[in-house]
Amino acid sequence: MQKRVFQILADNNAGVLSRITGLFSRRGYNIDSITAGITADPRYSRITIVTSGDEDILDQIENQVEKLVDVRDVRELKPDKSVYRELCLIKVHSTPEKRQHIISIADIFRANIVDVNVDSLIVELTGNQTKIEAFMGLLRDYEILEVARTGIAGLSRGSEELVCLD
């Protein structure tokens, strides 16, 4: 099983995301992560989907998504030619005695403490999936109460791969 990251540029119309995810569910494909948002041009949305399968299935997914009416462009974001980032919020149970240890770990990863409560704190971390997994691995010694992850957002490096839509 391979993993691929697809960047989709689509018209910013109601139902576009539903049609794209519907294509995946109808064909039994899994979405590992999905993010969507408006681009610099408000007429278009950028959708980043991480999915997995064998090479034939992944090629089929790309071809099927390209055929959707509101989709303008589909590209694979290859790891060596792209930048991926994910936002993660982690709520950790923390007694006053353990709080400084958690903050020290967060500092090493350049994470931010965004909320402190009597018995917990929330850490915000942005980075690639490897960084987030490593950070969460170090927090396993503490009680992780909740985790919220955005999924991958990504762009290709440089200006050769720019898509100009008009």
# chains A, B, ... in the order shown; residues from 1 in each chain; ligands from 1
call {"tool": "residues_around", "arguments": {"residues": "A:Arg4", "least_positions_apart": "6", "cutoff": "7 Å", "atoms": "only C-alpha atoms", "output": "PyMOL selection string"}}
result
chain A and resi 50-52+76
call {"tool": "select_by_dssp", "arguments": {"residues": "stretch 20-166 of chain A", "states": "strand (DSSP E)", "output": "ChimeraX atom specification"}}
result
/A:31-38,44-53,71-76,82-93,112-116,120-127,144-149,153-156
call {"tool": "residues_around", "arguments": {"residues": "A:Gly15", "least_positions_apart": "4", "cutoff": "12 Å", "atoms": "only C-alpha atoms", "output": "tab-separated table (two decimals) with N, CA, C and O atoms, in the first residue's frame"}}
result
chain	number	residue	atom	x	y	z
A	10	ALA	N	-10.51	23.44	-7.25
A	10	ALA	CA	-11.89	23.29	-7.71
A	10	ALA	C	-12.60	24.63	-7.58
A	10	ALA	O	-12.19	25.50	-6.81
A	11	ASP	N	-13.68	24.77	-8.34
A	11	ASP	CA	-14.52	25.96	-8.20
A	11	ASP	C	-15.03	26.03	-6.77
A	11	ASP	O	-15.36	25.01	-6.17
A	19	ARG	N	-19.17	16.22	-3.38
A	19	ARG	CA	-19.05	15.41	-4.60
A	19	ARG	C	-17.71	14.66	-4.64
A	19	ARG	O	-17.65	13.51	-5.05
A	20	ILE	N	-16.66	15.32	-4.20
A	20	ILE	CA	-15.35	14.68	-4.20
A	20	ILE	C	-15.32	13.53	-3.19
A	20	ILE	O	-14.91	12.41	-3.52
A	21	THR	N	-15.78	13.78	-1.97
A	21	THR	CA	-15.77	12.71	-0.97
A	21	THR	C	-16.76	11.61	-1.33
A	21	THR	O	-16.52	10.44	-1.04
A	22	GLY	N	-17.86	11.98	-1.99
A	22	GLY	CA	-18.82	10.98	-2.45
A	22	GLY	C	-18.21	10.02	-3.45
A	22	GLY	O	-18.50	8.83	-3.44
A	45	SER	N	-11.18	26.82	-4.57
A	45	SER	CA	-10.79	26.18	-3.31
A	45	SER	C	-9.65	25.22	-3.58
A	45	SER	O	-9.58	24.61	-4.65
A	68	LEU	N	-14.56	15.14	-12.43
A	68	LEU	CA	-15.65	15.84	-11.76
A	68	LEU	C	-15.82	17.25	-12.32
A	68	LEU	O	-14.83	17.93	-12.62
A	69	VAL	N	-17.05	17.69	-12.42
A	69	VAL	CA	-17.39	18.95	-13.09
A	69	VAL	C	-16.67	20.16	-12.53
A	69	VAL	O	-16.08	20.94	-13.28
A	70	ASP	N	-16.67	20.37	-11.23
A	70	ASP	CA	-16.10	21.58	-10.65
A	70	ASP	C	-14.59	21.52	-10.44
A	70	ASP	O	-13.98	22.50	-10.03
A	71	VAL	N	-13.98	20.38	-10.71
A	71	VAL	CA	-12.55	20.21	-10.49
A	71	VAL	C	-11.79	20.81	-11.67
A	71	VAL	O	-12.05	20.49	-12.82
call {"tool": "closest_atom_pairs", "arguments": {"of": "stretch 68-155 of chain A", "to": "stretch 26-34 of chain A", "cutoff": "10 Å", "atoms": "only C-alpha atoms", "output": "Markdown table"}}
result
| residue | atom | partner | partner_atom | distance |
| --- | --- | --- | --- | --- |
| A:Arg149 | CA | A:Ser33 | CA | 9.3 |
| A:Thr150 | CA | A:Ile34 | CA | 8.0 |
| A:Gly151 | CA | A:Ser33 | CA | 5.0 |
| A:Ile152 | CA | A:Ser33 | CA | 6.6 |
| A:Ala153 | CA | A:Ile34 | CA | 8.3 |
call {"tool": "write_last_selection", "arguments": {"atoms": "C-alpha atoms", "output": "mmCIF file, in the first residue's frame"}}
result
data_model
loop_
_atom_site.group_PDB
_atom_site.id
_atom_site.type_symbol
_atom_site.label_atom_id
_atom_site.label_comp_id
_atom_site.auth_asym_id
_atom_site.auth_seq_id
_atom_site.Cartn_x
_atom_site.Cartn_y
_atom_site.Cartn_z
ATOM 1 C CA ARG A 149 -5.587 17.204 13.975
ATOM 2 C CA THR A 150 -6.297 19.219 10.853
ATOM 3 C CA GLY A 151 -4.866 16.868 8.276
ATOM 4 C CA ILE A 152 -2.157 17.773 5.793
ATOM 5 C CA ALA A 153 -2.070 21.033 3.891
#
call {"tool": "residues_around", "arguments": {"residues": "A:Gly37", "least_positions_apart": "5", "cutoff": "12 Å", "atoms": "only C-alpha atoms", "output": "JSON, numbers by chain"}}
result
{"A": [7, 8, 9, 10, 11, 12, 13, 16, 17, 42, 43, 44, 45, 46, 47, 48, 150, 153, 154]}
call {"tool": "write_last_selection", "arguments": {"atoms": "C-alpha atoms", "output": "compact mmCIF listing (two decimals), in the first residue's frame"}}
result
# COMPACT_ATOMS: atom_id res chain seq x y z
CA GLN A 7 -3.86 18.71 -4.41
CA ILE A 8 -7.17 19.56 -6.04
CA LEU A 9 -8.14 23.00 -7.29
CA ALA A 10 -11.89 23.29 -7.71
CA ASP A 11 -14.52 25.96 -8.20
CA ASN A 12 -15.54 27.42 -4.87
CA ASN A 13 -19.16 26.24 -5.18
CA VAL A 16 -17.88 20.46 -4.36
CA LEU A 17 -16.34 18.83 -1.32
CA PRO A 42 -11.88 33.44 -3.95
CA ARG A 43 -13.41 31.70 -6.99
CA TYR A 44 -11.37 28.57 -6.21
CA SER A 45 -10.79 26.18 -3.31
CA ARG A 46 -7.69 24.10 -2.66
CA ILE A 47 -8.41 20.62 -1.33
CA THR A 48 -5.61 18.39 -0.10
CA THR A 150 -6.30 19.22 10.85
CA ALA A 153 -2.07 21.03 3.89
CA GLY A 154 0.59 21.18 1.22
call {"tool": "select_by_dssp", "arguments": {"residues": "stretch 106-159 of chain A", "states": "alpha helix (DSSP H)", "output": "PyMOL selection string"}}
result
chain A and resi 106-108+129-138
call {"tool": "residues_around", "arguments": {"residues": "stretch 128-135 of chain A", "least_positions_apart": "2", "cutoff": "9 Å", "atoms": "only C-alpha atoms", "output": "mmCIF file with N, CA and C atoms, in the first residue's frame"}}
result
data_model
loop_
_atom_site.group_PDB
_atom_site.id
_atom_site.type_symbol
_atom_site.label_atom_id
_atom_site.label_comp_id
_atom_site.auth_asym_id
_atom_site.auth_seq_id
_atom_site.Cartn_x
_atom_site.Cartn_y
_atom_site.Cartn_z
ATOM 1 N N VAL A 83 5.949 20.835 0.278
ATOM 2 C CA VAL A 83 6.001 21.117 1.708
ATOM 3 C C VAL A 83 4.647 20.743 2.282
ATOM 4 N N TYR A 84 4.651 19.885 3.307
ATOM 5 C CA TYR A 84 3.429 19.464 3.995
ATOM 6 C C TYR A 84 3.468 20.003 5.416
ATOM 7 N N ARG A 85 2.331 20.427 5.910
ATOM 8 C CA ARG A 85 2.205 20.827 7.310
ATOM 9 C C ARG A 85 0.844 20.404 7.828
ATOM 10 N N GLU A 86 0.804 20.174 9.134
ATOM 11 C CA GLU A 86 -0.425 19.812 9.806
ATOM 12 C C GLU A 86 -0.449 20.544 11.141
ATOM 13 N N LEU A 87 -1.626 20.944 11.565
ATOM 14 C CA LEU A 87 -1.809 21.562 12.882
ATOM 15 C C LEU A 87 -2.406 20.514 13.805
ATOM 16 N N CYS A 88 -1.893 20.467 15.024
ATOM 17 C CA CYS A 88 -2.386 19.509 16.006
ATOM 18 C C CYS A 88 -2.571 20.228 17.343
ATOM 19 N N ILE A 105 9.075 19.704 27.009
ATOM 20 C CA ILE A 105 8.964 18.898 25.786
ATOM 21 C C ILE A 105 8.395 19.755 24.656
ATOM 22 N N ALA A 106 7.378 20.544 24.964
ATOM 23 C CA ALA A 106 6.772 21.422 23.956
ATOM 24 C C ALA A 106 7.798 22.413 23.419
ATOM 25 N N PHE A 109 10.049 21.073 20.709
ATOM 26 C CA PHE A 109 9.380 20.915 19.412
ATOM 27 C C PHE A 109 8.851 22.241 18.860
ATOM 28 N N LEU A 125 0.807 22.389 18.020
ATOM 29 C CA LEU A 125 2.021 22.031 17.296
ATOM 30 C C LEU A 125 1.728 22.028 15.804
ATOM 31 N N THR A 126 2.614 22.654 15.051
ATOM 32 C CA THR A 126 2.517 22.652 13.597
ATOM 33 C C THR A 126 3.781 22.003 13.043
ATOM 34 N N GLY A 137 4.479 10.781 20.797
ATOM 35 C CA GLY A 137 5.159 9.644 21.402
ATOM 36 C C GLY A 137 5.802 10.011 22.738
ATOM 37 N N LEU A 138 6.375 11.188 22.815
ATOM 38 C CA LEU A 138 6.978 11.634 24.068
ATOM 39 C C LEU A 138 5.929 11.962 25.134
ATOM 40 N N LEU A 139 4.731 12.301 24.687
ATOM 41 C CA LEU A 139 3.663 12.608 25.636
ATOM 42 C C LEU A 139 2.937 11.359 26.134
ATOM 43 N N GLY A 151 -5.183 17.538 9.532
ATOM 44 C CA GLY A 151 -4.866 16.868 8.276
ATOM 45 C C GLY A 151 -3.828 17.700 7.537
ATOM 46 N N ILE A 152 -3.265 17.134 6.510
ATOM 47 C CA ILE A 152 -2.157 17.773 5.793
ATOM 48 C C ILE A 152 -2.662 18.885 4.884
#
call {"tool": "atom_distance", "arguments": {"atom1": "atom CA of A:Val123", "atom2": "atom CA of A:Val92"}}
result
7.8 Å
call {"tool": "atom_distance", "arguments": {"atom1": "atom CA of A:Thr95", "atom2": "atom CA of A:Arg110"}}
result
21.7 Å
call {"tool": "residues_around", "arguments": {"residues": "A:Ile113", "least_positions_apart": "5", "cutoff": "10 Å", "atoms": "only C-alpha atoms", "output": "list in words"}}
result
Leu89, Ile90, Lys91, Ile102, Ile103, Ala106, Asp107, Leu121, Ile122, Val123, Glu124 and Leu125 of chain A
call {"tool": "write_last_selection", "arguments": {"atoms": "C-alpha atoms", "output": "compact mmCIF listing (two decimals), in the first residue's frame"}}
result
# COMPACT_ATOMS: atom_id res chain seq x y z
CA LEU A 89 -3.99 20.49 19.31
CA ILE A 90 -3.30 18.11 22.20
CA LYS A 91 -4.97 18.35 25.59
CA ILE A 102 5.33 18.92 29.49
CA ILE A 103 6.21 22.56 28.74
CA ALA A 106 6.77 21.42 23.96
CA ASP A 107 9.65 23.93 23.85
CA LEU A 121 -3.05 22.17 29.28
CA ILE A 122 -3.48 22.40 25.52
CA VAL A 123 -0.43 22.29 23.28
CA GLU A 124 -0.49 23.57 19.68
CA LEU A 125 2.02 22.03 17.30
call {"tool": "atom_distance", "arguments": {"atom1": "atom CA of A:Arg75", "atom2": "atom CA of A:Gly127"}}
result
21.7 Å
call {"tool": "closest_residue", "arguments": {"among": "A:Val116, A:Ile108, A:Val74, A:Met1", "to": "A:Ile57", "atoms": "only C-alpha atoms"}}
result
A:Met1
